[in-house]
>>> print(open('work.pdb').read())   # PDB, C-alpha atoms, pLDDT in the B column
ATOM      1  CA  MET A   1     -40.941  40.002  15.570  1.00 96.00           C
ATOM      2  CA  LYS A   2     -44.074  41.871  14.780  1.00 97.00           C
ATOM      3  CA  ALA A   3     -46.538  43.774  16.904  1.00 98.00           C
ATOM      4  CA  VAL A   4     -49.814  45.552  16.397  1.00 98.00           C
ATOM      5  CA  ILE A   5     -50.230  48.185  19.097  1.00 98.00           C
ATOM      6  CA  GLN A   6     -53.651  49.678  19.763  1.00 98.00           C
ATOM      7  CA  ARG A   7     -54.544  52.420  22.202  1.00 98.00           C
ATOM      8  CA  VAL A   8     -57.691  51.236  23.974  1.00 98.00           C
ATOM      9  CA  ARG A   9     -60.240  52.509  26.449  1.00 97.00           C
ATOM     10  CA  LYS A  10     -60.705  48.929  27.659  1.00 98.00           C
ATOM     11  CA  ALA A  11     -59.822  45.437  26.489  1.00 98.00           C
ATOM     12  CA  SER A  12     -60.265  41.854  27.616  1.00 98.00           C
ATOM     13  CA  CYS A  13     -59.249  38.340  26.636  1.00 98.00           C
ATOM     14  CA  THR A  14     -61.504  35.350  27.250  1.00 98.00           C
ATOM     15  CA  VAL A  15     -60.588  31.676  26.810  1.00 98.00           C
ATOM     16  CA  ASP A  16     -63.245  28.982  27.200  1.00 97.00           C
ATOM     17  CA  GLY A  17     -65.586  31.464  28.875  1.00 96.00           C
ATOM     18  CA  ALA A  18     -63.027  32.610  31.479  1.00 97.00           C
ATOM     19  CA  VAL A  19     -61.414  36.054  31.410  1.00 98.00           C
ATOM     20  CA  THR A  20     -57.622  35.644  31.357  1.00 97.00           C
ATOM     21  CA  GLY A  21     -56.796  39.334  31.180  1.00 97.00           C
ATOM     22  CA  GLU A  22     -58.660  42.608  31.348  1.00 98.00           C
ATOM     23  CA  ILE A  23     -57.546  46.240  31.345  1.00 98.00           C
ATOM     24  CA  GLU A  24     -59.033  49.697  31.357  1.00 96.00           C
ATOM     25  CA  GLU A  25     -57.164  52.437  29.463  1.00 96.00           C
ATOM     26  CA  GLY A  26     -53.877  51.317  27.969  1.00 98.00           C
ATOM     27  CA  LEU A  27     -52.410  49.317  25.128  1.00 98.00           C
ATOM     28  CA  LEU A  28     -53.618  46.141  23.476  1.00 98.00           C
ATOM     29  CA  ILE A  29     -50.505  44.538  21.997  1.00 98.00           C
ATOM     30  CA  TYR A  30     -50.660  41.641  19.542  1.00 98.00           C
ATOM     31  CA  PHE A  31     -47.219  39.996  19.409  1.00 98.00           C
ATOM     32  CA  GLY A  32     -45.885  37.529  16.848  1.00 97.00           C
ATOM     33  CA  VAL A  33     -42.532  35.855  16.318  1.00 97.00           C
ATOM     34  CA  ASP A  34     -41.114  35.076  12.882  1.00 96.00           C
ATOM     35  CA  ARG A  35     -38.849  32.130  12.166  1.00 94.00           C
ATOM     36  CA  ASN A  36     -35.236  32.994  12.972  1.00 89.00           C
ATOM     37  CA  ASP A  37     -36.018  36.309  14.671  1.00 93.00           C
ATOM     38  CA  ASP A  38     -32.977  37.606  16.520  1.00 91.00           C
ATOM     39  CA  GLU A  39     -34.052  37.324  20.143  1.00 92.00           C
ATOM     40  CA  SER A  40     -31.255  39.629  21.263  1.00 94.00           C
ATOM     41  CA  ILE A  41     -33.332  42.568  20.027  1.00 94.00           C
ATOM     42  CA  LEU A  42     -36.347  41.637  22.185  1.00 96.00           C
ATOM     43  CA  PRO A  43     -35.588  44.285  24.854  1.00 96.00           C
ATOM     44  CA  ARG A  44     -35.088  46.978  22.197  1.00 95.00           C
ATOM     45  CA  PHE A  45     -38.285  45.918  20.424  1.00 97.00           C
ATOM     46  CA  LEU A  46     -40.315  46.060  23.638  1.00 98.00           C
ATOM     47  CA  ASP A  47     -38.735  49.336  24.761  1.00 97.00           C
ATOM     48  CA  LYS A  48     -39.809  50.872  21.446  1.00 97.00           C
ATOM     49  CA  ILE A  49     -43.409  49.859  22.216  1.00 97.00           C
ATOM     50  CA  ILE A  50     -43.534  51.056  25.815  1.00 97.00           C
ATOM     51  CA  LYS A  51     -41.787  54.345  24.985  1.00 97.00           C
ATOM     52  CA  LEU A  52     -44.038  55.037  21.989  1.00 97.00           C
ATOM     53  CA  ARG A  53     -45.687  58.389  22.631  1.00 97.00           C
ATOM     54  CA  CYS A  54     -49.269  57.561  21.710  1.00 97.00           C
ATOM     55  CA  PHE A  55     -51.219  59.078  24.614  1.00 97.00           C
ATOM     56  CA  GLU A  56     -52.232  62.718  24.652  1.00 96.00           C
ATOM     57  CA  ASP A  57     -50.768  65.275  27.022  1.00 96.00           C
ATOM     58  CA  SER A  58     -52.659  68.283  28.425  1.00 96.00           C
ATOM     59  CA  ASN A  59     -52.249  70.030  25.049  1.00 96.00           C
ATOM     60  CA  GLU A  60     -53.913  67.102  23.226  1.00 94.00           C
ATOM     61  CA  LYS A  61     -50.638  66.119  21.550  1.00 96.00           C
ATOM     62  CA  MET A  62     -49.518  62.498  21.410  1.00 97.00           C
ATOM     63  CA  ASN A  63     -46.617  63.072  23.735  1.00 97.00           C
ATOM     64  CA  LEU A  64     -46.906  60.449  26.486  1.00 98.00           C
ATOM     65  CA  SER A  65     -46.051  56.751  26.549  1.00 97.00           C
ATOM     66  CA  VAL A  66     -47.693  53.911  28.426  1.00 97.00           C
ATOM     67  CA  MET A  67     -44.759  54.197  30.853  1.00 96.00           C
ATOM     68  CA  ASP A  68     -45.403  57.913  31.372  1.00 96.00           C
ATOM     69  CA  THR A  69     -49.089  57.405  32.073  1.00 95.00           C
ATOM     70  CA  SER A  70     -48.995  54.197  34.162  1.00 88.00           C
ATOM     71  CA  ARG A  71     -51.670  52.669  31.964  1.00 96.00           C
ATOM     72  CA  ALA A  72     -52.025  48.904  31.539  1.00 98.00           C
ATOM     73  CA  VAL A  73     -51.140  46.448  28.771  1.00 98.00           C
ATOM     74  CA  LEU A  74     -53.118  43.498  27.429  1.00 98.00           C
ATOM     75  CA  PHE A  75     -50.456  41.319  25.774  1.00 98.00           C
ATOM     76  CA  ILE A  76     -51.706  38.738  23.261  1.00 98.00           C
ATOM     77  CA  SER A  77     -49.701  36.184  21.263  1.00 97.00           C
ATOM     78  CA  GLN A  78     -50.714  36.155  17.607  1.00 96.00           C
ATOM     79  CA  PHE A  79     -48.863  33.939  15.144  1.00 94.00           C
ATOM     80  CA  THR A  80     -51.051  35.168  12.274  1.00 94.00           C
ATOM     81  CA  LEU A  81     -48.944  38.345  12.184  1.00 95.00           C
ATOM     82  CA  SER A  82     -46.366  36.179  10.398  1.00 94.00           C
ATOM     83  CA  ALA A  83     -48.759  35.171   7.630  1.00 93.00           C
ATOM     84  CA  ASP A  84     -47.877  35.574   3.970  1.00 91.00           C
ATOM     85  CA  VAL A  85     -51.103  36.755   2.331  1.00 93.00           C
ATOM     86  CA  TYR A  86     -49.533  37.928  -0.909  1.00 92.00           C
ATOM     87  CA  HIS A  87     -49.374  34.584  -2.731  1.00 91.00           C
ATOM     88  CA  GLY A  88     -52.744  32.958  -3.400  1.00 90.00           C
ATOM     89  CA  ASN A  89     -55.780  33.327  -1.188  1.00 94.00           C
ATOM     90  CA  ARG A  90     -54.916  31.029   1.698  1.00 94.00           C
ATOM     91  CA  PRO A  91     -52.521  32.531   4.256  1.00 94.00           C
ATOM     92  CA  SER A  92     -49.209  30.730   4.567  1.00 94.00           C
ATOM     93  CA  PHE A  93     -47.609  30.507   7.997  1.00 94.00           C
ATOM     94  CA  ASP A  94     -44.264  29.133   6.835  1.00 93.00           C
ATOM     95  CA  SER A  95     -42.465  32.190   8.215  1.00 93.00           C
ATOM     96  CA  ALA A  96     -43.982  31.833  11.711  1.00 94.00           C
ATOM     97  CA  GLU A  97     -41.636  30.588  14.423  1.00 94.00           C
ATOM     98  CA  ALA A  98     -42.071  27.058  15.830  1.00 95.00           C
ATOM     99  CA  PRO A  99     -44.529  27.094  18.746  1.00 95.00           C
ATOM    100  CA  GLU A 100     -41.975  26.108  21.417  1.00 97.00           C
ATOM    101  CA  ARG A 101     -39.625  29.000  20.696  1.00 96.00           C
ATOM    102  CA  ALA A 102     -42.435  31.458  20.005  1.00 97.00           C
ATOM    103  CA  LYS A 103     -44.035  30.620  23.362  1.00 97.00           C
ATOM    104  CA  ARG A 104     -40.739  31.090  25.173  1.00 97.00           C
ATOM    105  CA  LEU A 105     -40.196  34.503  23.557  1.00 97.00           C
ATOM    106  CA  TYR A 106     -43.797  35.534  24.268  1.00 98.00           C
ATOM    107  CA  GLU A 107     -43.370  34.613  27.936  1.00 97.00           C
ATOM    108  CA  GLU A 108     -39.993  36.400  28.095  1.00 98.00           C
ATOM    109  CA  ALA A 109     -41.582  39.480  26.550  1.00 98.00           C
ATOM    110  CA  ALA A 110     -44.460  39.468  29.061  1.00 98.00           C
ATOM    111  CA  SER A 111     -41.978  39.090  31.934  1.00 98.00           C
ATOM    112  CA  TYR A 112     -39.870  41.944  30.567  1.00 98.00           C
ATOM    113  CA  LEU A 113     -42.890  44.261  30.405  1.00 98.00           C
ATOM    114  CA  LYS A 114     -43.901  43.334  33.954  1.00 98.00           C
ATOM    115  CA  ALA A 115     -40.344  43.934  35.182  1.00 98.00           C
ATOM    116  CA  LYS A 116     -40.633  47.481  33.788  1.00 97.00           C
ATOM    117  CA  GLY A 117     -43.412  48.044  36.329  1.00 96.00           C
ATOM    118  CA  LEU A 118     -46.345  47.849  33.946  1.00 97.00           C
ATOM    119  CA  ASN A 119     -49.651  46.219  34.798  1.00 97.00           C
ATOM    120  CA  VAL A 120     -49.562  43.469  32.165  1.00 98.00           C
ATOM    121  CA  GLN A 121     -52.472  41.135  31.561  1.00 98.00           C
ATOM    122  CA  CYS A 122     -52.098  38.258  29.114  1.00 98.00           C
ATOM    123  CA  GLY A 123     -53.902  35.834  26.911  1.00 96.00           C
ATOM    124  CA  ILE A 124     -52.990  32.153  26.729  1.00 97.00           C
ATOM    125  CA  PHE A 125     -50.400  31.179  24.141  1.00 97.00           C
ATOM    126  CA  GLY A 126     -51.851  28.877  21.486  1.00 94.00           C
ATOM    127  CA  ALA A 127     -55.420  29.064  22.806  1.00 96.00           C
ATOM    128  CA  HIS A 128     -58.455  30.201  20.878  1.00 97.00           C
ATOM    129  CA  MET A 129     -58.968  33.633  22.404  1.00 98.00           C
ATOM    130  CA  GLU A 130     -61.826  36.085  22.193  1.00 98.00           C
ATOM    131  CA  ILE A 131     -60.519  39.643  22.351  1.00 98.00           C
ATOM    132  CA  ARG A 132     -62.900  42.484  23.060  1.00 98.00           C
ATOM    133  CA  TYR A 133     -61.776  46.095  23.022  1.00 98.00           C
ATOM    134  CA  ILE A 134     -62.746  49.672  22.456  1.00 98.00           C
ATOM    135  CA  ASN A 135     -60.088  51.310  20.315  1.00 96.00           C
ATOM    136  CA  ASP A 136     -59.351  54.861  21.433  1.00 96.00           C
ATOM    137  CA  GLY A 137     -58.923  57.222  18.499  1.00 94.00           C
ATOM    138  CA  PRO A 138     -58.608  54.887  16.695  1.00 95.00           C
ATOM    139  CA  VAL A 139     -54.879  54.798  17.319  1.00 97.00           C
ATOM    140  CA  THR A 140     -53.117  51.735  15.888  1.00 97.00           C
ATOM    141  CA  PHE A 141     -49.446  51.183  15.044  1.00 97.00           C
ATOM    142  CA  THR A 142     -47.479  48.277  13.603  1.00 97.00           C
ATOM    143  CA  LEU A 143     -43.925  47.396  14.489  1.00 96.00           C
ATOM    144  CA  ASP A 144     -41.717  44.985  12.558  1.00 95.00           C
ATOM    145  CA  SER A 145     -38.269  44.156  13.893  1.00 93.00           C
ATOM    146  CA  SER A 146     -36.976  43.507  10.365  1.00 89.00           C
ATOM    147  CA  LEU A 147     -37.471  47.213   9.649  1.00 89.00           C
ATOM    148  CA  PHE A 148     -35.529  48.452  12.679  1.00 83.00           C
ATOM    149  CA  PRO A 149     -32.647  50.746  11.807  1.00 77.00           C
ATOM    150  CA  GLN A 150     -29.283  49.153  12.459  1.00 71.00           C
ATOM    151  CA  LYS A 151     -27.958  50.089  15.881  1.00 67.00           C
ATOM    152  CA  SER A 152     -24.916  52.340  15.603  1.00 55.00           C
TER     153      SER A 152
END
>>> encode(input="work.pdb", output="C-alpha coordinates")
Amino acid sequence: MKAVIQRVRKASCTVDGAVTGEIEEGLLIYFGVDRNDDESILPRFLDKIIKLRCFEDSNEKMNLSVMDTSRAVLFISQFTLSADVYHGNRPSFDSAEAPERAKRLYEEAASYLKAKGLNVQCGIFGAHMEIRYINDGPVTFTLDSSLFPQKS
(Lines of atoms letter the chains of each structure in order from A and count residues from 1; the text may use other names and numbers.)
(Lines give C-alpha, C1' and ligand atoms only; values in the text may rest on other atoms or scores of the structure.)
Protein backbone atom coordinates (compact mmCIF):
# COMPACT_ATOMS: atom_id res chain seq x y z
CA MET A 1 0.00 0.00 0.00
CA LYS A 2 1.07 3.51 -0.69
CA ALA A 3 -0.25 6.86 0.42
CA VAL A 4 0.51 10.48 -0.26
CA ILE A 5 -0.62 12.57 2.69
CA GLN A 6 -1.04 16.32 2.31
CA ARG A 7 -1.97 18.83 4.97
CA VAL A 8 -4.58 21.09 3.38
CA ARG A 9 -6.51 24.24 4.18
CA LYS A 10 -9.35 22.91 2.01
CA ALA A 11 -9.88 20.18 -0.56
CA SER A 12 -12.64 18.83 -2.76
CA CYS A 13 -13.32 16.00 -5.19
CA THR A 14 -15.65 16.42 -8.15
CA VAL A 15 -16.89 13.66 -10.48
CA ASP A 16 -18.95 14.54 -13.55
CA GLY A 17 -19.59 18.03 -12.19
CA ALA A 18 -20.86 16.82 -8.79
CA VAL A 19 -18.89 17.26 -5.57
CA THR A 20 -18.42 13.85 -3.93
CA GLY A 21 -16.36 15.06 -1.00
CA GLU A 22 -15.23 18.37 0.43
CA ILE A 23 -13.31 19.33 3.55
CA GLU A 24 -11.90 22.40 5.22
CA GLU A 25 -8.64 22.01 7.19
CA GLY A 26 -7.36 18.46 7.36
CA LEU A 27 -5.63 15.80 5.32
CA LEU A 28 -5.93 14.93 1.66
CA ILE A 29 -4.92 11.28 1.41
CA TYR A 30 -4.22 9.56 -1.91
CA PHE A 31 -4.33 5.79 -1.36
CA GLY A 32 -3.10 3.03 -3.66
CA VAL A 33 -2.90 -0.73 -3.37
CA ASP A 34 -0.08 -2.79 -4.87
CA ARG A 35 -0.51 -6.34 -6.13
CA ASN A 36 -0.20 -8.82 -3.26
CA ASP A 37 -0.20 -6.20 -0.50
CA ASP A 38 -0.67 -7.83 2.88
CA GLU A 39 -4.10 -6.59 3.91
CA SER A 40 -3.51 -7.59 7.52
CA ILE A 41 -1.37 -4.46 7.91
CA LEU A 42 -4.17 -2.13 6.76
CA PRO A 43 -5.07 -1.03 10.32
CA ARG A 44 -1.40 -0.39 11.17
CA PHE A 45 -0.91 1.51 7.91
CA LEU A 46 -3.94 3.72 8.53
CA ASP A 47 -3.08 4.26 12.20
CA LYS A 48 0.34 5.52 11.10
CA ILE A 49 -1.39 8.12 8.91
CA ILE A 50 -3.94 9.33 11.45
CA LYS A 51 -1.36 9.48 14.26
CA LEU A 52 1.19 11.34 12.12
CA ARG A 53 1.97 14.57 13.94
CA CYS A 54 1.79 17.02 11.06
CA PHE A 55 -0.31 19.84 12.55
CA GLU A 56 1.25 22.61 14.61
CA ASP A 57 0.67 23.03 18.32
CA SER A 58 0.60 26.38 20.15
CA ASN A 59 4.41 26.51 19.93
CA GLU A 60 4.31 26.13 16.12
CA LYS A 61 5.81 22.64 16.30
CA MET A 62 4.38 19.78 14.26
CA ASN A 63 3.12 17.95 17.30
CA LEU A 64 -0.56 17.18 16.65
CA SER A 65 -2.25 14.53 14.52
CA VAL A 66 -5.50 14.68 12.60
CA MET A 67 -6.97 12.68 15.50
CA ASP A 68 -5.74 15.24 18.03
CA THR A 69 -7.19 18.17 16.12
CA SER A 70 -10.52 16.68 14.94
CA ARG A 71 -9.79 17.84 11.41
CA ALA A 72 -11.29 16.11 8.37
CA VAL A 73 -9.94 13.71 5.74
CA LEU A 74 -10.53 13.65 1.99
CA PHE A 75 -9.71 10.05 1.02
CA ILE A 76 -8.99 9.42 -2.67
CA SER A 77 -8.17 6.13 -4.41
CA GLN A 78 -5.20 6.48 -6.75
CA PHE A 79 -3.84 3.43 -8.56
CA THR A 80 -1.13 5.53 -10.22
CA LEU A 81 0.82 5.42 -6.95
CA SER A 82 1.74 1.87 -8.02
CA ALA A 83 3.25 2.99 -11.31
CA ASP A 84 6.74 1.97 -12.37
CA VAL A 85 8.19 5.09 -14.00
CA TYR A 86 11.80 3.95 -13.96
CA HIS A 87 11.79 1.82 -17.12
CA GLY A 88 11.04 3.72 -20.33
CA ASN A 89 8.82 6.76 -20.55
CA ARG A 90 5.36 5.21 -20.31
CA PRO A 91 4.27 4.32 -16.76
CA SER A 92 3.68 0.64 -16.17
CA PHE A 93 0.88 -0.37 -13.82
CA ASP A 94 1.76 -4.06 -13.63
CA SER A 95 2.34 -3.79 -9.88
CA ALA A 96 -1.09 -2.23 -9.20
CA GLU A 97 -3.65 -4.50 -7.54
CA ALA A 98 -6.63 -5.80 -9.56
CA PRO A 99 -9.52 -3.32 -9.37
CA GLU A 100 -11.88 -5.63 -7.44
CA ARG A 101 -9.49 -6.19 -4.55
CA ALA A 102 -8.17 -2.63 -4.61
CA LYS A 103 -11.73 -1.28 -4.38
CA ARG A 104 -12.52 -3.56 -1.46
CA LEU A 105 -9.40 -2.45 0.43
CA TYR A 106 -10.11 1.22 -0.36
CA GLU A 107 -13.64 0.86 1.01
CA GLU A 108 -12.37 -1.02 4.09
CA ALA A 109 -9.82 1.73 4.68
CA ALA A 110 -12.46 4.47 4.42
CA SER A 111 -14.71 2.57 6.84
CA TYR A 112 -11.82 2.11 9.26
CA LEU A 113 -11.06 5.84 9.25
CA LYS A 114 -14.72 6.68 9.82
CA ALA A 115 -14.91 4.16 12.68
CA LYS A 116 -12.06 6.08 14.34
CA GLY A 117 -14.43 9.05 14.55
CA LEU A 118 -12.95 11.10 11.73
CA ASN A 119 -15.00 13.14 9.30
CA VAL A 120 -14.04 11.27 6.12
CA GLN A 121 -15.12 12.42 2.68
CA CYS A 122 -14.33 10.27 -0.34
CA GLY A 123 -13.89 10.23 -4.06
CA ILE A 124 -15.35 7.51 -6.27
CA PHE A 125 -13.17 4.47 -6.88
CA GLY A 126 -12.22 4.14 -10.55
CA ALA A 127 -13.85 7.41 -11.61
CA HIS A 128 -12.14 10.31 -13.32
CA MET A 129 -11.89 12.74 -10.42
CA GLU A 130 -10.99 16.40 -10.28
CA ILE A 131 -9.21 17.18 -7.02
CA ARG A 132 -8.84 20.77 -5.90
CA TYR A 133 -6.89 21.71 -2.80
CA ILE A 134 -4.84 24.33 -1.06
CA ASN A 135 -1.78 22.66 0.41
CA ASP A 136 -0.92 24.05 3.83
CA GLY A 137 2.82 24.54 4.28
CA PRO A 138 3.30 22.81 1.92
CA VAL A 139 3.33 19.71 4.08
CA THR A 140 3.38 16.43 2.13
CA PHE A 141 4.44 12.94 3.22
CA THR A 142 4.60 9.58 1.49
CA LEU A 143 4.00 6.24 3.13
CA ASP A 144 4.86 2.86 1.63
CA SER A 145 3.88 -0.29 3.48
CA SER A 146 6.82 -2.19 1.96
CA LEU A 147 9.13 0.07 3.96
CA PHE A 148 7.43 -0.51 7.32
CA PRO A 149 9.76 -1.85 9.99
CA GLN A 150 8.98 -5.43 10.92
CA LYS A 151 6.70 -5.60 13.94
CA SER A 152 8.51 -7.01 16.95
>>> resolve_selection(input="work.pdb", expression="the PyMOL selection byres ((chain A and resi 139) around 8)", output="list in words")
Gln6, Arg7, Cys54, Asn135, Asp136, Gly137, Pro138, Thr140 and Phe141 of chain A
>>> residues_around(input="work.pdb", residues="A:Asp16", least_positions_apart="2", cutoff="12 Å", atoms="all atoms listed in the file", output="MDAnalysis selection string")
chainID A and resid 13:14 18:20 123:124 127:130
>>> closest_residue(input="work.pdb", among="A:Lys103, A:Arg35, A:Arg44, A:Arg71", to="A:Arg9", atoms="all atoms listed in the file")
A:Arg71
>>> closest_residue(input="work.pdb", among="A:Val4, A:Leu105, A:Ala11, A:Leu27", to="A:Phe125", atoms="all atoms listed in the file")
A:Leu105
>>> residues_around(input="work.pdb", residues="A:Ala96", least_positions_apart="5", cutoff="10 Å", atoms="all atoms listed in the file", output="number ranges by chain")
A: 1, 32-37, 78-84, 102
>>> residues_around(input="work.pdb", residues="A:Ile23", least_positions_apart="5", cutoff="8 Å", atoms="all atoms listed in the file", output="list in words")
Lys10, Ala11, Ser12, Ala72, Val73, Leu74 and Gln121 of chain A
>>> closest_residue(input="work.pdb", among="A:Ile134, A:Pro43, A:Asp38, A:Glu22", to="A:Ala115", atoms="only C-alpha atoms")
A:Pro43
>>> atom_distance(input="work.pdb", atom1="atom CA of A:Leu143", atom2="atom CA of A:Asp68")
19.9 Å
>>> atom_distance(input="work.pdb", atom1="atom CA of A:Pro149", atom2="atom CA of A:Asp47")
14.4 Å
>>> closest_residue(input="work.pdb", among="A:Glu60, A:Glu25, A:Glu39, A:Asp144", to="A:Glu108", atoms="all atoms listed in the file")
A:Glu39
>>> atom_distance(input="work.pdb", atom1="atom CA of A:Tyr106", atom2="atom CA of A:Gly17")
22.6 Å
>>> closest_residue(input="work.pdb", among="A:Leu147, A:Val8, A:Val15, A:Ala109", to="A:Phe75", atoms="all atoms listed in the file")
A:Ala109
>>> closest_residue(input="work.pdb", among="A:Ser40, A:Val66, A:Lys61, A:Lys48", to="A:Asn119", atoms="all atoms listed in the file")
A:Val66
>>> residues_around(input="work.pdb", residues="A:Ser70", least_positions_apart="6", cutoff="9 Å", atoms="only C-alpha atoms", output="PDB file with C-alpha atoms, keeping the file's coordinate frame")
ATOM      1  CA  GLY A  26     -53.877  51.317  27.969  1.00 98.00           C
ATOM      2  CA  GLY A 117     -43.412  48.044  36.329  1.00 96.00           C
ATOM      3  CA  LEU A 118     -46.345  47.849  33.946  1.00 97.00           C
ATOM      4  CA  ASN A 119     -49.651  46.219  34.798  1.00 97.00           C
TER       5      ASN A 119
END
>>> decode(input="work.pdb", residues="stretch 54-66 of chain A", atoms="all heavy atoms", output="PDB file, in the first residue's frame")
ATOM      1  N   CYS A  54       1.475  16.102  12.162  1.00  0.00           N
ATOM      2  CA  CYS A  54       1.786  17.022  11.064  1.00  0.00           C
ATOM      3  C   CYS A  54       1.070  18.368  11.192  1.00  0.00           C
ATOM      4  O   CYS A  54       1.173  19.205  10.301  1.00  0.00           O
ATOM      5  CB  CYS A  54       1.488  16.372   9.727  1.00  0.00           C
ATOM      6  SG  CYS A  54      -0.207  15.839   9.518  1.00  0.00           S
ATOM      7  N   PHE A  55       0.345  18.557  12.280  1.00  0.00           N
ATOM      8  CA  PHE A  55      -0.305  19.844  12.548  1.00  0.00           C
ATOM      9  C   PHE A  55       0.420  20.530  13.699  1.00  0.00           C
ATOM     10  O   PHE A  55       0.871  19.876  14.639  1.00  0.00           O
ATOM     11  CB  PHE A  55      -1.789  19.645  12.900  1.00  0.00           C
ATOM     12  CG  PHE A  55      -2.588  19.115  11.745  1.00  0.00           C
ATOM     13  CD1 PHE A  55      -2.856  17.756  11.638  1.00  0.00           C
ATOM     14  CD2 PHE A  55      -3.071  19.963  10.764  1.00  0.00           C
ATOM     15  CE1 PHE A  55      -3.580  17.251  10.576  1.00  0.00           C
ATOM     16  CE2 PHE A  55      -3.791  19.473   9.692  1.00  0.00           C
ATOM     17  CZ  PHE A  55      -4.050  18.113   9.598  1.00  0.00           C
ATOM     18  N   GLU A  56       0.491  21.848  13.608  1.00  0.00           N
ATOM     19  CA  GLU A  56       1.246  22.608  14.605  1.00  0.00           C
ATOM     20  C   GLU A  56       0.483  22.782  15.910  1.00  0.00           C
ATOM     21  O   GLU A  56      -0.734  22.971  15.913  1.00  0.00           O
ATOM     22  CB  GLU A  56       1.621  23.974  14.031  1.00  0.00           C
ATOM     23  CG  GLU A  56       2.599  23.858  12.884  1.00  0.00           C
ATOM     24  CD  GLU A  56       2.933  25.191  12.242  1.00  0.00           C
ATOM     25  OE1 GLU A  56       2.313  26.213  12.575  1.00  0.00           O
ATOM     26  OE2 GLU A  56       3.837  25.185  11.390  1.00  0.00           O
ATOM     27  N   ASP A  57       1.237  22.734  17.001  1.00  0.00           N
ATOM     28  CA  ASP A  57       0.671  23.032  18.318  1.00  0.00           C
ATOM     29  C   ASP A  57       0.808  24.529  18.588  1.00  0.00           C
ATOM     30  O   ASP A  57       1.192  25.295  17.694  1.00  0.00           O
ATOM     31  CB  ASP A  57       1.337  22.174  19.409  1.00  0.00           C
ATOM     32  CG  ASP A  57       2.828  22.450  19.579  1.00  0.00           C
ATOM     33  OD1 ASP A  57       3.335  23.486  19.087  1.00  0.00           O
ATOM     34  OD2 ASP A  57       3.499  21.623  20.221  1.00  0.00           O
ATOM     35  N   SER A  58       0.541  24.962  19.800  1.00  0.00           N
ATOM     36  CA  SER A  58       0.598  26.385  20.147  1.00  0.00           C
ATOM     37  C   SER A  58       2.018  26.952  20.080  1.00  0.00           C
ATOM     38  O   SER A  58       2.200  28.167  20.022  1.00  0.00           O
ATOM     39  CB  SER A  58       0.006  26.620  21.536  1.00  0.00           C
ATOM     40  OG  SER A  58       0.720  25.867  22.489  1.00  0.00           O
ATOM     41  N   ASN A  59       3.015  26.078  20.058  1.00  0.00           N
ATOM     42  CA  ASN A  59       4.413  26.507  19.933  1.00  0.00           C
ATOM     43  C   ASN A  59       4.920  26.424  18.493  1.00  0.00           C
ATOM     44  O   ASN A  59       6.131  26.484  18.257  1.00  0.00           O
ATOM     45  CB  ASN A  59       5.316  25.670  20.842  1.00  0.00           C
ATOM     46  CG  ASN A  59       4.993  25.886  22.301  1.00  0.00           C
ATOM     47  OD1 ASN A  59       4.779  27.013  22.731  1.00  0.00           O
ATOM     48  ND2 ASN A  59       4.934  24.802  23.054  1.00  0.00           N
ATOM     49  N   GLU A  60       3.999  26.238  17.551  1.00  0.00           N
ATOM     50  CA  GLU A  60       4.306  26.131  16.124  1.00  0.00           C
ATOM     51  C   GLU A  60       5.215  24.945  15.788  1.00  0.00           C
ATOM     52  O   GLU A  60       6.000  25.000  14.854  1.00  0.00           O
ATOM     53  CB  GLU A  60       4.879  27.445  15.588  1.00  0.00           C
ATOM     54  CG  GLU A  60       3.896  28.593  15.699  1.00  0.00           C
ATOM     55  CD  GLU A  60       4.415  29.904  15.137  1.00  0.00           C
ATOM     56  OE1 GLU A  60       5.569  29.949  14.638  1.00  0.00           O
ATOM     57  OE2 GLU A  60       3.664  30.882  15.199  1.00  0.00           O
ATOM     58  N   LYS A  61       5.094  23.888  16.573  1.00  0.00           N
ATOM     59  CA  LYS A  61       5.812  22.636  16.300  1.00  0.00           C
ATOM     60  C   LYS A  61       4.814  21.624  15.759  1.00  0.00           C
ATOM     61  O   LYS A  61       3.677  21.552  16.231  1.00  0.00           O
ATOM     62  CB  LYS A  61       6.436  22.067  17.593  1.00  0.00           C
ATOM     63  CG  LYS A  61       7.445  22.978  18.233  1.00  0.00           C
ATOM     64  CD  LYS A  61       8.737  22.968  17.484  1.00  0.00           C
ATOM     65  CE  LYS A  61       9.767  23.813  18.205  1.00  0.00           C
ATOM     66  NZ  LYS A  61      10.885  24.157  17.390  1.00  0.00           N
ATOM     67  N   MET A  62       5.242  20.849  14.764  1.00  0.00           N
ATOM     68  CA  MET A  62       4.376  19.779  14.261  1.00  0.00           C
ATOM     69  C   MET A  62       4.294  18.724  15.343  1.00  0.00           C
ATOM     70  O   MET A  62       5.176  17.885  15.473  1.00  0.00           O
ATOM     71  CB  MET A  62       4.927  19.202  12.961  1.00  0.00           C
ATOM     72  CG  MET A  62       4.564  19.998  11.752  1.00  0.00           C
ATOM     73  SD  MET A  62       4.758  19.036  10.257  1.00  0.00           S
ATOM     74  CE  MET A  62       5.986  20.017   9.436  1.00  0.00           C
ATOM     75  N   ASN A  63       3.233  18.790  16.126  1.00  0.00           N
ATOM     76  CA  ASN A  63       3.121  17.948  17.299  1.00  0.00           C
ATOM     77  C   ASN A  63       1.733  17.339  17.460  1.00  0.00           C
ATOM     78  O   ASN A  63       1.493  16.635  18.425  1.00  0.00           O
ATOM     79  CB  ASN A  63       3.478  18.784  18.533  1.00  0.00           C
ATOM     80  CG  ASN A  63       4.190  17.995  19.593  1.00  0.00           C
ATOM     81  OD1 ASN A  63       4.643  16.880  19.353  1.00  0.00           O
ATOM     82  ND2 ASN A  63       4.277  18.556  20.775  1.00  0.00           N
ATOM     83  N   LEU A  64       0.827  17.645  16.537  1.00  0.00           N
ATOM     84  CA  LEU A  64      -0.556  17.182  16.652  1.00  0.00           C
ATOM     85  C   LEU A  64      -0.965  16.396  15.411  1.00  0.00           C
ATOM     86  O   LEU A  64      -0.590  16.746  14.287  1.00  0.00           O
ATOM     87  CB  LEU A  64      -1.501  18.380  16.845  1.00  0.00           C
ATOM     88  CG  LEU A  64      -1.228  19.268  18.053  1.00  0.00           C
ATOM     89  CD1 LEU A  64      -2.088  20.515  18.001  1.00  0.00           C
ATOM     90  CD2 LEU A  64      -1.450  18.496  19.349  1.00  0.00           C
ATOM     91  N   SER A  65      -1.757  15.367  15.623  1.00  0.00           N
ATOM     92  CA  SER A  65      -2.248  14.534  14.522  1.00  0.00           C
ATOM     93  C   SER A  65      -3.644  14.982  14.099  1.00  0.00           C
ATOM     94  O   SER A  65      -4.279  15.795  14.765  1.00  0.00           O
ATOM     95  CB  SER A  65      -2.299  13.071  14.963  1.00  0.00           C
ATOM     96  OG  SER A  65      -3.349  12.902  15.903  1.00  0.00           O
ATOM     97  N   VAL A  66      -4.127  14.397  13.026  1.00  0.00           N
ATOM     98  CA  VAL A  66      -5.497  14.677  12.597  1.00  0.00           C
ATOM     99  C   VAL A  66      -6.484  14.206  13.666  1.00  0.00           C
ATOM    100  O   VAL A  66      -7.529  14.815  13.872  1.00  0.00           O
ATOM    101  CB  VAL A  66      -5.797  14.057  11.207  1.00  0.00           C
ATOM    102  CG1 VAL A  66      -5.890  12.531  11.263  1.00  0.00           C
ATOM    103  CG2 VAL A  66      -7.055  14.658  10.587  1.00  0.00           C
TER     104      VAL A  66
END
